[in-house]
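Colleague: Got a structure for you, written out below as structure tokens; questions coming shortly.
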Amino acid sequence: MVNFKKLEDGLEKVKQLAQANKMQRLMHNPFRYLSAQFFRTVFFPISKKGTLRQADTFMGYPLSILLPSGMDIYLTGGKTHDSEIRLAQFLIQFYKNGNLTTFIDIGAHVGYFSLLVSCIIEQISLNGRIYTFEAAKGTYDLLKQNLKNRKNIQVFHNALTDEEMDLTFYEFPVLYSEYNTLHVEQFENEKWFQKFKPEKNIVKGRTLDGIIEEFDIKNPLVKIDTEGAEAQVISGSRELLMLQNPTIIMEFLTDETKNEGHFKAFEMLKEMDYQAFFIEKDGTLAILKDINKYFIEKGLDSDNFVFKK
């Protein structure tokens, strides 16, 4: 049986550290805190290279990360943005409630959420499956290394989009790797962009409908975090969305210069009779009535919303 209490207690510790001040984080693990700050403020500005380190996650399994990216996982054992803590809580509650749903992680980065779901469903069912996608070549190599021993996960180096074709994918230096994207134009006015230009790589684009057909996947739970390509992912998932009514988790940004793809995907889902929900602190869902009002009231710059029919 899954020890859900242990997972919930571990996530609560991540939350407490996320809310802690600098001195409290320092005292929690002085060596890690000081070394992480050194890599961010001294080593990276000089070398422009990441430093490979192992983070001990609250799930009880390690993740390899490239500092200074992933510092929150390295220092606290988990992702610390409020939206990411609540998303982790939602995933724990989702499977705690008896769901055996296949998990599809689109834009998995180093595999944090895929690892969380893997740790849960391997103890619930031998048939539980996770399909994990990452388009950035450098990040994919790290993702594959992190998840290589997870028997219930298949890892793919693909961009999910609206048609099967080769695509140009833009990859930033490690400090900004969370912004790796198909749509680099959204970052061109950022101050850091002039100093840290992306590298262009070719990646094979696939549709989620094609993946669903190839692996005969039924009614999955789908997480989408693709830095502006959300509408393309939804467009390439229409058959799945119309015939199977899966639950969708999608990141949404408030910045109007970066959320065009998010907003289009949001509207497309509404047109297919999906209702948007926000995630409460305990992982339960509440109806999202006004997205702009929600962000103002919560004081957030981004969040993960859940869409259900």
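Letters A, B, ... mark the chains of the structure tokens in the order given; residue numbers begin at 1 per chain; ligand numbers begin at 1, in order shown.
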Excluding Phe295 of chain A and any residue of its chain fewer than 6 positions from it, enumerate the residues within 10 Å of it, using only C-alpha atoms, and give them as a PyMOL selection string.

Modeller: chain A and resi 253-254+301-303

Colleague: Can you write out as a tab-separated table which residues of segment 102-214 of chain A fall within 10 Å of segment 66-85 of chain A, alongside each residue's closest atom pair and its distance in Å to one decimal, counting only C-alpha atoms and ordering rows by chain and ascending residue number?

Modeller:
residue	atom	partner	partner_atom	distance
A:Val110	CA	A:Gly70	CA	8.9
A:Tyr112	CA	A:Gly78	CA	8.0
A:Phe113	CA	A:Glu84	CA	9.3
A:Thr139	CA	A:Leu66	CA	9.3
A:Leu142	CA	A:Leu66	CA	8.7
A:Pro173	CA	A:Ser69	CA	9.5
A:Val174	CA	A:Ser69	CA	5.9
A:Leu175	CA	A:Ser69	CA	5.1
A:Tyr176	CA	A:Ser69	CA	7.3
A:Ser177	CA	A:Ser69	CA	7.2
A:Glu178	CA	A:Ser69	CA	8.0

Colleague: Keeping only N, CA and C atoms, write those residues as an mmCIF file, in the first residue's frame.

Modeller:
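Output contents, as saved in out38.cif:
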data_model
loop_
_atom_site.group_PDB
_atom_site.id
_atom_site.type_symbol
_atom_site.label_atom_id
_atom_site.label_comp_id
_atom_site.auth_asym_id
_atom_site.auth_seq_id
_atom_site.Cartn_x
_atom_site.Cartn_y
_atom_site.Cartn_z
ATOM 1 N N VAL A 110 12.946 17.749 -15.698
ATOM 2 C CA VAL A 110 13.809 16.690 -15.162
ATOM 3 C C VAL A 110 13.017 15.525 -14.591
ATOM 4 N N TYR A 112 10.183 15.654 -12.238
ATOM 5 C CA TYR A 112 9.702 15.769 -10.865
ATOM 6 C C TYR A 112 8.295 15.196 -10.693
ATOM 7 N N PHE A 113 7.344 15.648 -11.510
ATOM 8 C CA PHE A 113 5.965 15.183 -11.346
ATOM 9 C C PHE A 113 5.787 13.749 -11.848
ATOM 10 N N THR A 139 17.921 18.605 -21.516
ATOM 11 C CA THR A 139 17.045 18.247 -20.404
ATOM 12 C C THR A 139 16.551 16.818 -20.542
ATOM 13 N N LEU A 142 18.979 14.332 -19.099
ATOM 14 C CA LEU A 142 18.908 14.301 -17.641
ATOM 15 C C LEU A 142 17.632 13.597 -17.185
ATOM 16 N N PRO A 173 20.556 28.448 -21.830
ATOM 17 C CA PRO A 173 21.512 27.973 -20.827
ATOM 18 C C PRO A 173 20.779 27.552 -19.558
ATOM 19 N N VAL A 174 21.439 26.770 -18.740
ATOM 20 C CA VAL A 174 20.794 26.056 -17.642
ATOM 21 C C VAL A 174 19.991 26.948 -16.708
ATOM 22 N N LEU A 175 20.436 28.155 -16.413
ATOM 23 C CA LEU A 175 19.726 29.027 -15.486
ATOM 24 C C LEU A 175 18.330 29.363 -15.996
ATOM 25 N N TYR A 176 18.153 29.368 -17.318
ATOM 26 C CA TYR A 176 16.864 29.721 -17.912
ATOM 27 C C TYR A 176 16.243 28.538 -18.660
ATOM 28 N N SER A 177 16.653 27.330 -18.321
ATOM 29 C CA SER A 177 16.188 26.153 -19.053
ATOM 30 C C SER A 177 14.695 25.897 -18.883
ATOM 31 N N GLU A 178 14.083 26.455 -17.836
ATOM 32 C CA GLU A 178 12.647 26.279 -17.664
ATOM 33 C C GLU A 178 11.864 26.996 -18.765
#

Colleague: When you count only C-alpha atoms, which of these residues is closest to Leu100 of chain A: A:Leu300, A:Ile211, A:Ile120, A:Ile279?

Modeller: A:Ile120

Colleague: Find the residue from A:Asp273, A:Ala36, A:Ile249, A:Ala18 that sits nearest to Ala55 of chain A; use only C-alpha atoms when measuring.

Modeller: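 Among A:Asp273, A:Ala36, A:Ile249, A:Ala18, it is A:Ala36 that comes nearest to Ala55 of chain A.
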
Colleague: Between A:Tyr61, A:Phe133, A:Tyr274, A:Phe38, which one has atoms that come closest to Cys119 of chain A, using only C-alpha atoms?

Modeller: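 Among the listed residues, A:Tyr61 lies closest to Cys119 of chain A.
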
Colleague: Just want the 12 Å neighbourhood of Gly98 of chain A, counted on only C-alpha atoms, with same-chain residues fewer than 6 positions away dropped. Output as number ranges by chain.

Modeller: A: 1-2, 4, 91-92, 120-121, 123-125

Colleague: In Å, with one decimal, what is the gap from atom CA of Arg238 of chain A to atom CA of Leu160 of chain A?

Modeller: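 These two atoms are separated by 13.0 Å.
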
Colleague: Please run DSSP on the backbone and report, as a PyMOL selection string, all residues within segment 101-246 of chain A that come out as helix (DSSP H, G or I).

Modeller: chain A and resi 112-124+137-147+174-179+184-187+191-194+208-215+230-235+238-243

Colleague: Next, the residues of the selection above should be written as a short mmCIF file (atom, residue, chain, number, x, y, z; two decimals), in the first residue's frame with C-alpha atoms.

Modeller:
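Contents of result-v8.cif, freshly written:
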data_model
loop_
_atom_site.label_atom_id
_atom_site.label_comp_id
_atom_site.auth_asym_id
_atom_site.auth_seq_id
_atom_site.Cartn_x
_atom_site.Cartn_y
_atom_site.Cartn_z
CA TYR A 112 9.70 15.77 -10.86
CA PHE A 113 5.96 15.18 -11.35
CA SER A 114 6.48 11.98 -13.33
CA LEU A 115 8.56 10.61 -10.45
CA LEU A 116 5.87 11.54 -7.93
CA VAL A 117 3.13 9.74 -9.86
CA SER A 118 5.44 6.78 -10.52
CA CYS A 119 6.14 6.36 -6.81
CA ILE A 120 2.41 6.26 -6.13
CA ILE A 121 1.04 4.05 -8.88
CA GLU A 122 3.79 1.42 -8.71
CA GLN A 123 2.35 0.52 -5.31
CA ILE A 124 -1.27 0.67 -6.46
CA LYS A 137 17.79 17.58 -25.82
CA GLY A 138 19.95 18.47 -22.83
CA THR A 139 17.05 18.25 -20.40
CA TYR A 140 15.85 15.00 -22.01
CA ASP A 141 19.22 13.37 -21.31
CA LEU A 142 18.91 14.30 -17.64
CA LEU A 143 15.25 13.21 -17.56
CA LYS A 144 16.11 9.84 -19.04
CA GLN A 145 18.89 9.37 -16.48
CA ASN A 146 16.55 10.28 -13.62
CA LEU A 147 13.80 7.89 -14.66
CA VAL A 174 20.79 26.06 -17.64
CA LEU A 175 19.73 29.03 -15.49
CA TYR A 176 16.86 29.72 -17.91
CA SER A 177 16.19 26.15 -19.05
CA GLU A 178 12.65 26.28 -17.66
CA TYR A 179 11.88 28.62 -20.60
CA VAL A 184 11.20 31.96 -28.55
CA GLU A 185 9.65 35.28 -29.59
CA GLN A 186 7.85 35.57 -26.25
CA PHE A 187 11.16 36.11 -24.45
CA LYS A 191 16.69 41.67 -20.30
CA TRP A 192 18.39 38.31 -19.81
CA PHE A 193 17.58 37.21 -23.38
CA GLN A 194 20.21 39.49 -24.91
CA LEU A 208 -1.13 13.42 -28.52
CA ASP A 209 -3.83 11.75 -30.60
CA GLY A 210 -1.09 9.78 -32.36
CA ILE A 211 0.44 8.75 -29.03
CA ILE A 212 -2.96 7.67 -27.70
CA GLU A 213 -3.57 5.50 -30.76
CA GLU A 214 -0.06 3.99 -30.80
CA PHE A 215 -0.13 2.88 -27.16
CA GLU A 230 -0.28 24.66 -25.19
CA ALA A 231 -2.75 25.49 -27.98
CA GLN A 232 -0.81 23.27 -30.40
CA VAL A 233 -0.91 20.40 -27.90
CA ILE A 234 -4.68 20.80 -27.46
CA SER A 235 -5.20 21.04 -31.23
CA ARG A 238 -8.98 16.83 -30.32
CA GLU A 239 -9.92 13.20 -30.93
CA LEU A 240 -8.84 12.25 -27.41
CA LEU A 241 -10.67 15.21 -25.87
CA MET A 242 -13.91 14.57 -27.75
CA LEU A 243 -14.05 10.78 -27.39
#

Colleague: DSSP on the backbone, then: every residue of segment 90-304 of chain A marked strand (DSSP E or B), written as a PyMOL selection string.

Modeller: chain A and resi 103-106+130-133+153-156+159-160+165-171+181+199-206+221-224+247-253+275-279+285-287+302-304

Colleague: Between atom CA of Ala108 of chain A and atom CA of Thr181 of chain A, what distance in Å does the model show, to one decimal?

Modeller: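 Separating atom CA of Ala108 of chain A from atom CA of Thr181 of chain A is a distance of 12.6 Å.
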
Colleague: Taking only residues of segment 92-139 of chain A that have an atom at most 10 Å from an atom of segment 199-205 of chain A, what is each one's shortest atom pair and its distance in Å to one decimal, using only C-alpha atoms, in chain and number order, as a tab-separated table?

Modeller:
residue	atom	partner	partner_atom	distance
A:Glu134	CA	A:Val203	CA	9.9
A:Ala135	CA	A:Val203	CA	6.5
A:Ala136	CA	A:Val203	CA	8.0
A:Lys137	CA	A:Asn201	CA	7.8

Colleague: Any idea what the distance is between atom CA of Thr102 of chain A and atom CA of Leu87 of chain A?

Modeller: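 Between atom CA of Thr102 of chain A and atom CA of Leu87 of chain A the gap is 16.7 Å.
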
Colleague: Find, counting only C-alpha atoms, the residue in A:Lys218, A:Lys96, A:His183, A:Lys298 that gets nearest to Gly261 of chain A.

Modeller: A:His183

Colleague: Near Pro220 of chain A, counting only C-alpha atoms, which residues have an atom at most 10 Å away, once you skip same-chain residues fewer than 2 positions from it, shown as a list in words?

Modeller: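 Residues near the query, excluding close chain neighbours: Leu100, Thr101, Thr102, Phe103, Ile104, Arg129, Ile130, Tyr131, Ile212, Ile217, Lys218, Val222, Lys223, Leu240, Gln244, Asn245, Pro246, Thr247 and Ile248 of chain A.
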